[in-house]
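Worksheet: the structure to be examined is printed underneath.
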Amino acid sequence: TRSFPLMTPRVTTQTSQSGNASYFKVLVLGATGVGKSSITQQFMTSEYVAFDNSMDRDEEENTVSVLLNGEESTLECTDGLDPEYDLEDFRADAYIVVFSIAHRDTFVAATNILNELLYDIGTDRTTILVGNKADLVRKRKVTTEEALDVALQYDAKYTETSAALNHHVDELLVGMLSQIRFKLNPTLP
Ligand code: GDP
Ligand code: MG
């Protein structure tokens with residue numbers, strides 16, 4: 001892995017991989033066991049997911065439609081990156097980098113991933129650092145403040161979730177979509 005902290009980001013000008021303004025790709029990254037699959041599954045059952053679409057959504061592809069501010073967007077969530085893939089070859093519209101607040105090593109891993117994203121992708125894409133397992137209060141090994149600090153360094157947002165309790169997962173989904181839209185068109189309200 002590359003050294004920490006910051007390196008100069010490469011400027012990227014690529015548009016959405018799908019080419020469709022309302023179809024977005026989301027890549028969920030993070031160490032094993034931090035809750036990537038749990039969060040992705042919670043996304044699929046979110047109350048924000050448009051009803052019609054949730055009925056015939058593709059279970060395999062983890063694709064959902066979300067209705068936000070009267071506008072529907074389709075999000076295709078990829079749960080983890082296959083080892084044969086290079087991060088820079090997977091162009092997503094948003095990257096969710098998950099760690100467990102109860103496992104310090106996963107926070108270090110998340111920081112390394114943020115560093116890799118910055119170097120390979122730049123900062124034009126939505127990036128969200130997620131401290132999952134927030135329910136494990138007494139086992140907490142990473143403070144909110146230091147996680148916020150790291151997120152700030154990488155031009156990422158930060159939020160804490162509990163996929164186990166389905167706490168703040170909806171907010172993550174909707175906040176991510178808002179951020180994707182904002183990055184595409186900063187002049188919109
Ligand atoms: P992944 O390897 O990143 O996909 O992680 P998983 O989603 O498979 O979760 C790994 C383990 O952590 C499973 O036993 C989950 O039930 C558990 N887990 C996931 N999210 C949470 C959470 O928010 N709190 C707690 N306490 N456990 C969680
Ligand atoms: Mg998994």
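All residue names refer to the structure tokens as shown: chains lettered A, B, ... in order, residues numbered from 1 in each chain, ligands numbered from 1 in order.
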
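With the cut-off set to 7 Å and only C-alpha atoms and all ligand atoms counted, the residues surrounding ligand 1 are A:Gly30, A:Ala31, A:Thr32, A:Gly33, A:Val34, A:Gly35, A:Lys36, A:Ser37, A:Ser38, A:Ile39, A:Asn132, A:Lys133, A:Ala134, A:Asp135, A:Leu136, A:Thr161, A:Ser162, A:Ala163, A:Ala164, A:Leu165.
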
Task: Residue list (strand (DSSP E), DSSP) for stretch 49-155 of chain A, as a PyMOL selection string - done: chain A and resi 63-68+71-79+94-100+126-132

How about saving the chosen residues, N, CA and C atoms kept, as a CSV table (one decimal), in the first residue's frame?
```
chain,number,residue,atom,x,y,z
A,63,THR,N,-29.6,-4.0,-7.3
A,63,THR,CA,-30.0,-2.7,-7.9
A,63,THR,C,-31.3,-2.3,-7.3
A,64,VAL,N,-31.3,-1.0,-6.9
A,64,VAL,CA,-32.6,-0.4,-6.3
A,64,VAL,C,-32.8,0.9,-6.9
A,65,SER,N,-34.1,1.3,-6.9
A,65,SER,CA,-34.5,2.7,-7.3
A,65,SER,C,-34.9,3.4,-6.0
A,66,VAL,N,-34.3,4.6,-5.9
A,66,VAL,CA,-34.6,5.5,-4.7
A,66,VAL,C,-35.3,6.7,-5.2
A,67,LEU,N,-36.4,7.0,-4.5
A,67,LEU,CA,-37.1,8.3,-4.7
A,67,LEU,C,-36.7,9.3,-3.7
A,68,LEU,N,-36.1,10.4,-4.3
A,68,LEU,CA,-35.6,11.5,-3.4
A,68,LEU,C,-35.9,12.8,-4.0
A,71,GLU,N,-37.5,12.8,-7.4
A,71,GLU,CA,-36.8,12.3,-8.6
A,71,GLU,C,-36.3,10.9,-8.2
A,72,GLU,N,-36.5,10.0,-9.2
A,72,GLU,CA,-36.1,8.6,-9.0
A,72,GLU,C,-34.7,8.4,-9.6
A,73,SER,N,-33.9,7.7,-8.8
A,73,SER,CA,-32.5,7.3,-9.3
A,73,SER,C,-32.3,5.8,-9.0
A,74,THR,N,-31.6,5.2,-10.0
A,74,THR,CA,-31.3,3.8,-9.8
A,74,THR,C,-29.9,3.6,-9.3
A,75,LEU,N,-29.7,2.9,-8.2
A,75,LEU,CA,-28.4,2.7,-7.7
A,75,LEU,C,-28.0,1.2,-7.8
A,76,GLU,N,-26.9,0.9,-8.4
A,76,GLU,CA,-26.4,-0.4,-8.5
A,76,GLU,C,-25.2,-0.6,-7.6
A,77,CYS,N,-25.5,-1.4,-6.5
A,77,CYS,CA,-24.5,-1.5,-5.4
A,77,CYS,C,-23.6,-2.7,-5.6
A,78,THR,N,-22.4,-2.6,-5.7
A,78,THR,CA,-21.5,-3.7,-5.8
A,78,THR,C,-20.8,-3.9,-4.4
A,79,ASP,N,-21.0,-5.1,-3.9
A,79,ASP,CA,-20.6,-5.4,-2.5
A,79,ASP,C,-19.2,-6.0,-2.6
A,94,ALA,N,-20.1,6.4,-6.8
A,94,ALA,CA,-19.8,6.7,-5.4
A,94,ALA,C,-19.1,5.5,-4.8
A,95,TYR,N,-18.2,5.8,-3.8
A,95,TYR,CA,-17.5,4.8,-3.1
A,95,TYR,C,-17.8,4.9,-1.6
A,96,ILE,N,-18.2,3.8,-1.1
A,96,ILE,CA,-18.5,3.7,0.4
A,96,ILE,C,-17.4,2.9,1.0
A,97,VAL,N,-16.6,3.5,1.9
A,97,VAL,CA,-15.5,2.8,2.5
A,97,VAL,C,-15.9,2.5,4.0
A,98,VAL,N,-16.0,1.2,4.3
A,98,VAL,CA,-16.6,0.8,5.6
A,98,VAL,C,-15.5,0.3,6.5
A,99,PHE,N,-15.5,0.7,7.8
A,99,PHE,CA,-14.7,0.1,8.8
A,99,PHE,C,-15.6,-0.2,10.0
A,100,SER,N,-15.1,-1.0,10.9
A,100,SER,CA,-15.8,-1.2,12.2
A,100,SER,C,-15.2,-0.4,13.3
A,126,THR,N,-18.2,10.9,-5.4
A,126,THR,CA,-18.7,10.8,-4.0
A,126,THR,C,-17.9,9.7,-3.2
A,127,THR,N,-17.4,10.1,-2.1
A,127,THR,CA,-16.7,9.1,-1.2
A,127,THR,C,-17.2,9.3,0.2
A,128,ILE,N,-17.7,8.2,0.8
A,128,ILE,CA,-18.2,8.2,2.1
A,128,ILE,C,-17.5,7.2,3.0
A,129,LEU,N,-16.9,7.7,4.1
A,129,LEU,CA,-16.3,6.8,5.1
A,129,LEU,C,-17.4,6.5,6.1
A,130,VAL,N,-17.5,5.2,6.3
A,130,VAL,CA,-18.6,4.7,7.2
A,130,VAL,C,-18.0,3.9,8.4
A,131,GLY,N,-18.3,4.4,9.6
A,131,GLY,CA,-17.9,3.7,10.8
A,131,GLY,C,-19.1,2.8,11.2
A,132,ASN,N,-19.1,1.6,10.8
A,132,ASN,CA,-20.2,0.7,11.1
A,132,ASN,C,-20.0,0.0,12.5
```

DSSP-assigned helix (DSSP H, G or I) members of stretch 65-113 of chain A, reported as JSON, numbers by chain: {"A": [87, 88, 89, 104, 105, 106, 107, 108, 109, 110, 111, 112, 113]}

Once you have the residues from the selection above, write them out as a tab-separated table (two decimals), in the first residue's frame, restricted to N, CA and C atoms.
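Result file follows (out_15.tsv):
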```tsv
chain	number	residue	atom	x	y	z
A	87	LEU	N	-8.72	-1.26	-8.48
A	87	LEU	CA	-9.63	-0.19	-8.09
A	87	LEU	C	-9.78	0.83	-9.21
A	88	GLU	N	-8.68	1.16	-9.85
A	88	GLU	CA	-8.75	2.20	-10.87
A	88	GLU	C	-9.50	1.74	-12.13
A	89	ASP	N	-9.75	0.44	-12.25
A	89	ASP	CA	-10.51	-0.07	-13.39
A	89	ASP	C	-12.00	-0.12	-13.12
A	104	ARG	N	-9.79	-1.51	15.25
A	104	ARG	CA	-8.86	-0.46	14.82
A	104	ARG	C	-8.19	-0.80	13.48
A	105	ASP	N	-7.84	-2.08	13.29
A	105	ASP	CA	-7.16	-2.47	12.05
A	105	ASP	C	-8.02	-2.20	10.82
A	106	THR	N	-9.34	-2.27	10.99
A	106	THR	CA	-10.22	-2.01	9.84
A	106	THR	C	-10.27	-0.52	9.51
A	107	PHE	N	-10.02	0.31	10.51
A	107	PHE	CA	-9.93	1.77	10.29
A	107	PHE	C	-8.65	2.10	9.52
A	108	VAL	N	-7.57	1.43	9.86
A	108	VAL	CA	-6.32	1.60	9.13
A	108	VAL	C	-6.51	1.14	7.68
A	109	ALA	N	-7.19	0.02	7.51
A	109	ALA	CA	-7.47	-0.49	6.16
A	109	ALA	C	-8.32	0.50	5.38
A	110	ALA	N	-9.31	1.08	6.03
A	110	ALA	CA	-10.18	2.07	5.36
A	110	ALA	C	-9.37	3.29	4.93
A	111	THR	N	-8.47	3.72	5.80
A	111	THR	CA	-7.62	4.86	5.47
A	111	THR	C	-6.76	4.56	4.24
A	112	ASN	N	-6.24	3.34	4.18
A	112	ASN	CA	-5.45	2.95	3.01
A	112	ASN	C	-6.29	2.95	1.74
A	113	ILE	N	-7.53	2.51	1.86
A	113	ILE	CA	-8.43	2.50	0.70
A	113	ILE	C	-8.73	3.93	0.25
```

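Excluding A:Phe43 and any residue on its chain fewer than 2 positions from it, the residues at most 9 Å away by only C-alpha atoms are Ser38, Ile39, Thr40, Gln41, Thr45, Ser46, Glu47, Tyr48, Val49, Asn62, Val64, Cys77, Val169, Asp170, Leu172 and Leu173 of chain A.
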
Print the selection's residues with N, CA and C atoms to a file, as a short mmCIF file (atom, residue, chain, number, x, y, z; two decimals), in the first residue's frame.
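Once written, again32.cif looks like this:
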```cif
data_model
loop_
_atom_site.label_atom_id
_atom_site.label_comp_id
_atom_site.auth_asym_id
_atom_site.auth_seq_id
_atom_site.Cartn_x
_atom_site.Cartn_y
_atom_site.Cartn_z
N SER A 38 -23.89 -6.55 4.95
CA SER A 38 -25.04 -6.18 5.79
C SER A 38 -25.60 -4.83 5.38
N ILE A 39 -24.73 -3.86 5.14
CA ILE A 39 -25.16 -2.53 4.73
C ILE A 39 -25.83 -2.59 3.36
N THR A 40 -25.21 -3.32 2.44
CA THR A 40 -25.77 -3.44 1.09
C THR A 40 -27.17 -4.07 1.16
N GLN A 41 -27.32 -5.08 1.98
CA GLN A 41 -28.63 -5.73 2.11
C GLN A 41 -29.66 -4.78 2.73
N THR A 45 -33.62 -2.94 1.35
CA THR A 45 -34.92 -2.96 2.03
C THR A 45 -35.27 -1.58 2.60
N SER A 46 -34.54 -0.55 2.18
CA SER A 46 -34.78 0.79 2.70
C SER A 46 -36.18 1.29 2.34
N GLU A 47 -36.76 2.08 3.23
CA GLU A 47 -38.09 2.64 2.96
C GLU A 47 -38.04 3.68 1.84
N TYR A 48 -36.86 4.13 1.47
CA TYR A 48 -36.72 5.09 0.38
C TYR A 48 -36.75 4.41 -0.98
N VAL A 49 -36.61 3.10 -0.98
CA VAL A 49 -36.60 2.39 -2.24
C VAL A 49 -38.00 2.39 -2.83
N ASN A 62 -28.14 -6.39 -6.86
CA ASN A 62 -28.25 -5.39 -5.81
C ASN A 62 -28.58 -4.00 -6.38
N VAL A 64 -31.35 -1.00 -6.90
CA VAL A 64 -32.57 -0.45 -6.32
C VAL A 64 -32.84 0.94 -6.89
N CYS A 77 -25.46 -1.35 -6.50
CA CYS A 77 -24.47 -1.46 -5.42
C CYS A 77 -23.65 -2.73 -5.58
N VAL A 169 -28.71 3.65 8.34
CA VAL A 169 -28.41 3.09 7.01
C VAL A 169 -29.22 3.80 5.92
N ASP A 170 -30.48 4.11 6.24
CA ASP A 170 -31.29 4.91 5.31
C ASP A 170 -30.66 6.27 5.05
N LEU A 172 -27.58 7.03 5.26
CA LEU A 172 -26.40 6.83 4.41
C LEU A 172 -26.81 6.72 2.94
N LEU A 173 -27.84 5.94 2.67
CA LEU A 173 -28.30 5.75 1.29
C LEU A 173 -28.74 7.07 0.67
#
```

As a check of understanding: the span from atom CA of A:Gly80 to atom CA of A:Val26 is 10.0 Å

For stretch 139-151 of chain A: contacts at 6 Å, only C-alpha atoms, fewer than 4 positions along chain excluded, given as a PDB file with C-alpha atoms, in the first residue's frame:
```
ATOM      1  CA  ILE A 101     -15.606   1.281  15.022  1.00  0.00           C
ATOM      2  CA  ALA A 102     -14.738  -1.711  17.229  1.00  0.00           C
ATOM      3  CA  ARG A 104      -8.857  -0.460  14.818  1.00  0.00           C
ATOM      4  CA  ALA A 156     -14.966  12.387   2.011  1.00  0.00           C
ATOM      5  CA  LYS A 157     -18.121  12.479   4.118  1.00  0.00           C
ATOM      6  CA  TYR A 158     -18.300  10.552   7.356  1.00  0.00           C
TER       7      TYR A 158
END
```
